[in-house]
Amino acid sequence: MHAFDVLGDPVRRRILELLADGEQPAGALGATIQREFGISQPAVSQHLKVLREHGFASVRAAGTRRLYAVEPGPLREMDEWLAGFRRFWTPPLAALATELARGRRERRLREDPSDERTTP
(Lines give C-alpha, C1' and ligand atoms only; values in the text may rest on other atoms or scores of the structure.)
Protein backbone atom coordinates (compact mmCIF):
# COMPACT_ATOMS: atom_id res chain seq x y z
CA MET A 1 0.00 0.00 0.00
CA HIS A 2 1.36 3.41 -0.99
CA ALA A 3 1.55 6.22 1.58
CA PHE A 4 -1.16 8.18 -0.21
CA ASP A 5 -3.40 5.11 -0.11
CA VAL A 6 -2.88 4.86 3.65
CA LEU A 7 -3.77 8.51 4.15
CA GLY A 8 -6.54 8.48 1.57
CA ASP A 9 -8.89 7.43 4.34
CA PRO A 10 -10.31 10.35 6.36
CA VAL A 11 -10.31 8.31 9.59
CA ARG A 12 -6.59 7.61 9.34
CA ARG A 13 -5.86 11.24 8.47
CA ARG A 14 -7.84 12.35 11.53
CA ILE A 15 -5.96 9.90 13.75
CA LEU A 16 -2.67 11.40 12.56
CA GLU A 17 -4.01 14.91 13.20
CA LEU A 18 -4.80 13.89 16.76
CA LEU A 19 -1.38 12.31 17.19
CA ALA A 20 0.33 15.43 15.84
CA ASP A 21 -0.48 17.05 19.20
CA GLY A 22 1.54 14.34 20.97
CA GLU A 23 1.32 10.78 22.17
CA GLN A 24 -2.25 9.59 22.81
CA PRO A 25 -3.70 6.56 24.57
CA ALA A 26 -5.60 4.18 22.31
CA GLY A 27 -8.76 4.66 24.39
CA ALA A 28 -8.79 8.43 23.93
CA LEU A 29 -8.13 8.09 20.20
CA GLY A 30 -10.86 5.49 19.92
CA ALA A 31 -13.40 7.61 21.79
CA THR A 32 -12.71 10.66 19.62
CA ILE A 33 -12.83 8.73 16.35
CA GLN A 34 -15.96 6.83 17.38
CA ARG A 35 -17.70 10.10 18.25
CA GLU A 36 -16.60 11.93 15.08
CA PHE A 37 -17.05 9.13 12.56
CA GLY A 38 -19.61 6.86 14.21
CA ILE A 39 -17.50 3.72 13.79
CA SER A 40 -16.91 0.88 16.24
CA GLN A 41 -13.89 0.40 18.47
CA PRO A 42 -12.73 -2.62 16.42
CA ALA A 43 -12.87 -0.45 13.28
CA VAL A 44 -10.73 2.19 14.98
CA SER A 45 -8.28 -0.56 15.98
CA GLN A 46 -8.04 -1.65 12.35
CA HIS A 47 -7.19 1.90 11.27
CA LEU A 48 -4.52 2.12 13.98
CA LYS A 49 -3.13 -1.21 12.77
CA VAL A 50 -2.86 0.07 9.19
CA LEU A 51 -1.04 3.20 10.41
CA ARG A 52 1.36 1.05 12.47
CA GLU A 53 2.00 -1.49 9.72
CA HIS A 54 2.86 1.23 7.23
CA GLY A 55 5.11 3.14 9.61
CA PHE A 56 2.93 6.21 10.19
CA ALA A 57 2.37 5.48 13.88
CA SER A 58 4.12 3.64 16.66
CA VAL A 59 2.69 2.14 19.83
CA ARG A 60 4.22 1.50 23.22
CA ALA A 61 2.88 -0.15 26.31
CA ALA A 62 2.56 1.89 29.49
CA GLY A 63 1.10 -0.48 32.06
CA THR A 64 -2.25 -1.56 30.67
CA ARG A 65 -2.48 1.34 28.25
CA ARG A 66 -1.24 1.51 24.67
CA LEU A 67 0.16 4.90 23.70
CA TYR A 68 0.30 5.88 20.04
CA ALA A 69 2.60 8.45 18.45
CA VAL A 70 3.30 9.78 14.96
CA GLU A 71 6.31 8.37 13.15
CA PRO A 72 7.67 11.13 10.87
CA GLY A 73 9.53 8.95 8.35
CA PRO A 74 6.68 8.24 5.91
CA LEU A 75 5.47 11.84 6.20
CA ARG A 76 8.95 13.06 5.25
CA GLU A 77 8.90 10.75 2.24
CA MET A 78 5.54 12.19 1.17
CA ASP A 79 6.88 15.71 1.69
CA GLU A 80 9.90 14.94 -0.51
CA TRP A 81 7.60 13.63 -3.23
CA LEU A 82 5.41 16.73 -2.98
CA ALA A 83 8.48 18.99 -3.29
CA GLY A 84 8.33 18.54 -7.06
CA PHE A 85 4.87 20.10 -7.09
CA ARG A 86 5.42 23.03 -4.72
CA ARG A 87 6.13 25.33 -7.63
CA PHE A 88 2.41 25.22 -8.39
CA TRP A 89 1.38 26.79 -5.10
CA THR A 90 4.42 28.52 -3.58
CA PRO A 91 4.48 31.61 -5.88
CA PRO A 92 0.71 32.21 -5.56
CA LEU A 93 0.95 31.89 -1.78
CA ALA A 94 3.90 34.31 -1.70
CA ALA A 95 1.89 36.77 -3.79
CA LEU A 96 -1.05 36.38 -1.41
CA ALA A 97 1.23 37.08 1.57
CA THR A 98 2.46 40.26 -0.16
CA GLU A 99 -1.10 41.43 -0.82
CA LEU A 100 -2.13 40.73 2.77
CA ALA A 101 0.85 42.70 4.08
CA ARG A 102 0.00 45.55 1.71
CA GLY A 103 -3.60 45.58 2.97
CA ARG A 104 -2.45 45.65 6.62
CA ARG A 105 -0.08 48.52 5.86
CA GLU A 106 -2.83 50.52 4.12
CA ARG A 107 -5.22 49.92 7.02
CA ARG A 108 -2.56 51.02 9.49
CA LEU A 109 -1.95 54.21 7.47
CA ARG A 110 -5.66 55.03 7.42
CA GLU A 111 -5.94 54.48 11.17
CA ASP A 112 -2.77 56.35 12.15
CA PRO A 113 -1.05 58.35 9.38
CA SER A 114 1.77 59.30 11.77
CA ASP A 115 2.73 55.65 12.35
CA GLU A 116 6.53 55.69 11.93
CA ARG A 117 6.63 52.02 10.90
CA THR A 118 5.28 53.06 7.52
CA THR A 119 8.32 55.18 6.67
CA PRO A 120 10.01 53.60 3.61
# chains A, B, ... in the order shown; residues from 1 in each chain; ligands from 1
>>> residues_around(residues="Glu23 of chain A", least_positions_apart="6", cutoff="7 Å", atoms="only C-alpha atoms", output="list of chain:residue names")
A:Leu67, A:Tyr68, A:Ala69
>>> closest_atom_pairs(of="segment 54-92 of chain A", to="segment 26-44 of chain A", cutoff="12 Å", atoms="only C-alpha atoms", output="Markdown table")
| residue | atom | partner | partner_atom | distance |
| --- | --- | --- | --- | --- |
| A:Ala57 | CA | A:Ala26 | CA | 11.7 |
| A:Ser58 | CA | A:Ala26 | CA | 11.3 |
| A:Val59 | CA | A:Ala26 | CA | 8.9 |
| A:Arg60 | CA | A:Ala26 | CA | 10.2 |
| A:Ala61 | CA | A:Ala26 | CA | 10.3 |
| A:Ala62 | CA | A:Ala26 | CA | 11.1 |
| A:Thr64 | CA | A:Ala26 | CA | 10.7 |
| A:Arg65 | CA | A:Ala26 | CA | 7.3 |
| A:Arg66 | CA | A:Ala26 | CA | 5.6 |
| A:Leu67 | CA | A:Ala26 | CA | 6.0 |
| A:Tyr68 | CA | A:Ala26 | CA | 6.6 |
| A:Ala69 | CA | A:Ala26 | CA | 10.0 |
>>> atom_distance(atom1="atom CA of Glu53 of chain A", atom2="atom CA of Arg12 of chain A")
12.5 Å
>>> closest_residue(among="A:Ala101, A:Gly55, A:Val50, A:Val70", to="Gln24 of chain A", atoms="only C-alpha atoms")
A:Val70
>>> atom_distance(atom1="atom CA of Val11 of chain A", atom2="atom CA of Leu48 of chain A")
9.5 Å
>>> residues_around(residues="segment 77-81 of chain A", least_positions_apart="2", cutoff="12 Å", atoms="only C-alpha atoms", output="list of chain:residue names")
A:His2, A:Ala3, A:Phe4, A:Asp5, A:Val6, A:Leu7, A:Gly55, A:Phe56, A:Glu71, A:Pro72, A:Gly73, A:Pro74, A:Leu75, A:Ala83, A:Gly84, A:Phe85, A:Arg86
>>> atom_distance(atom1="atom CA of Gly22 of chain A", atom2="atom CA of Arg76 of chain A")
17.4 Å
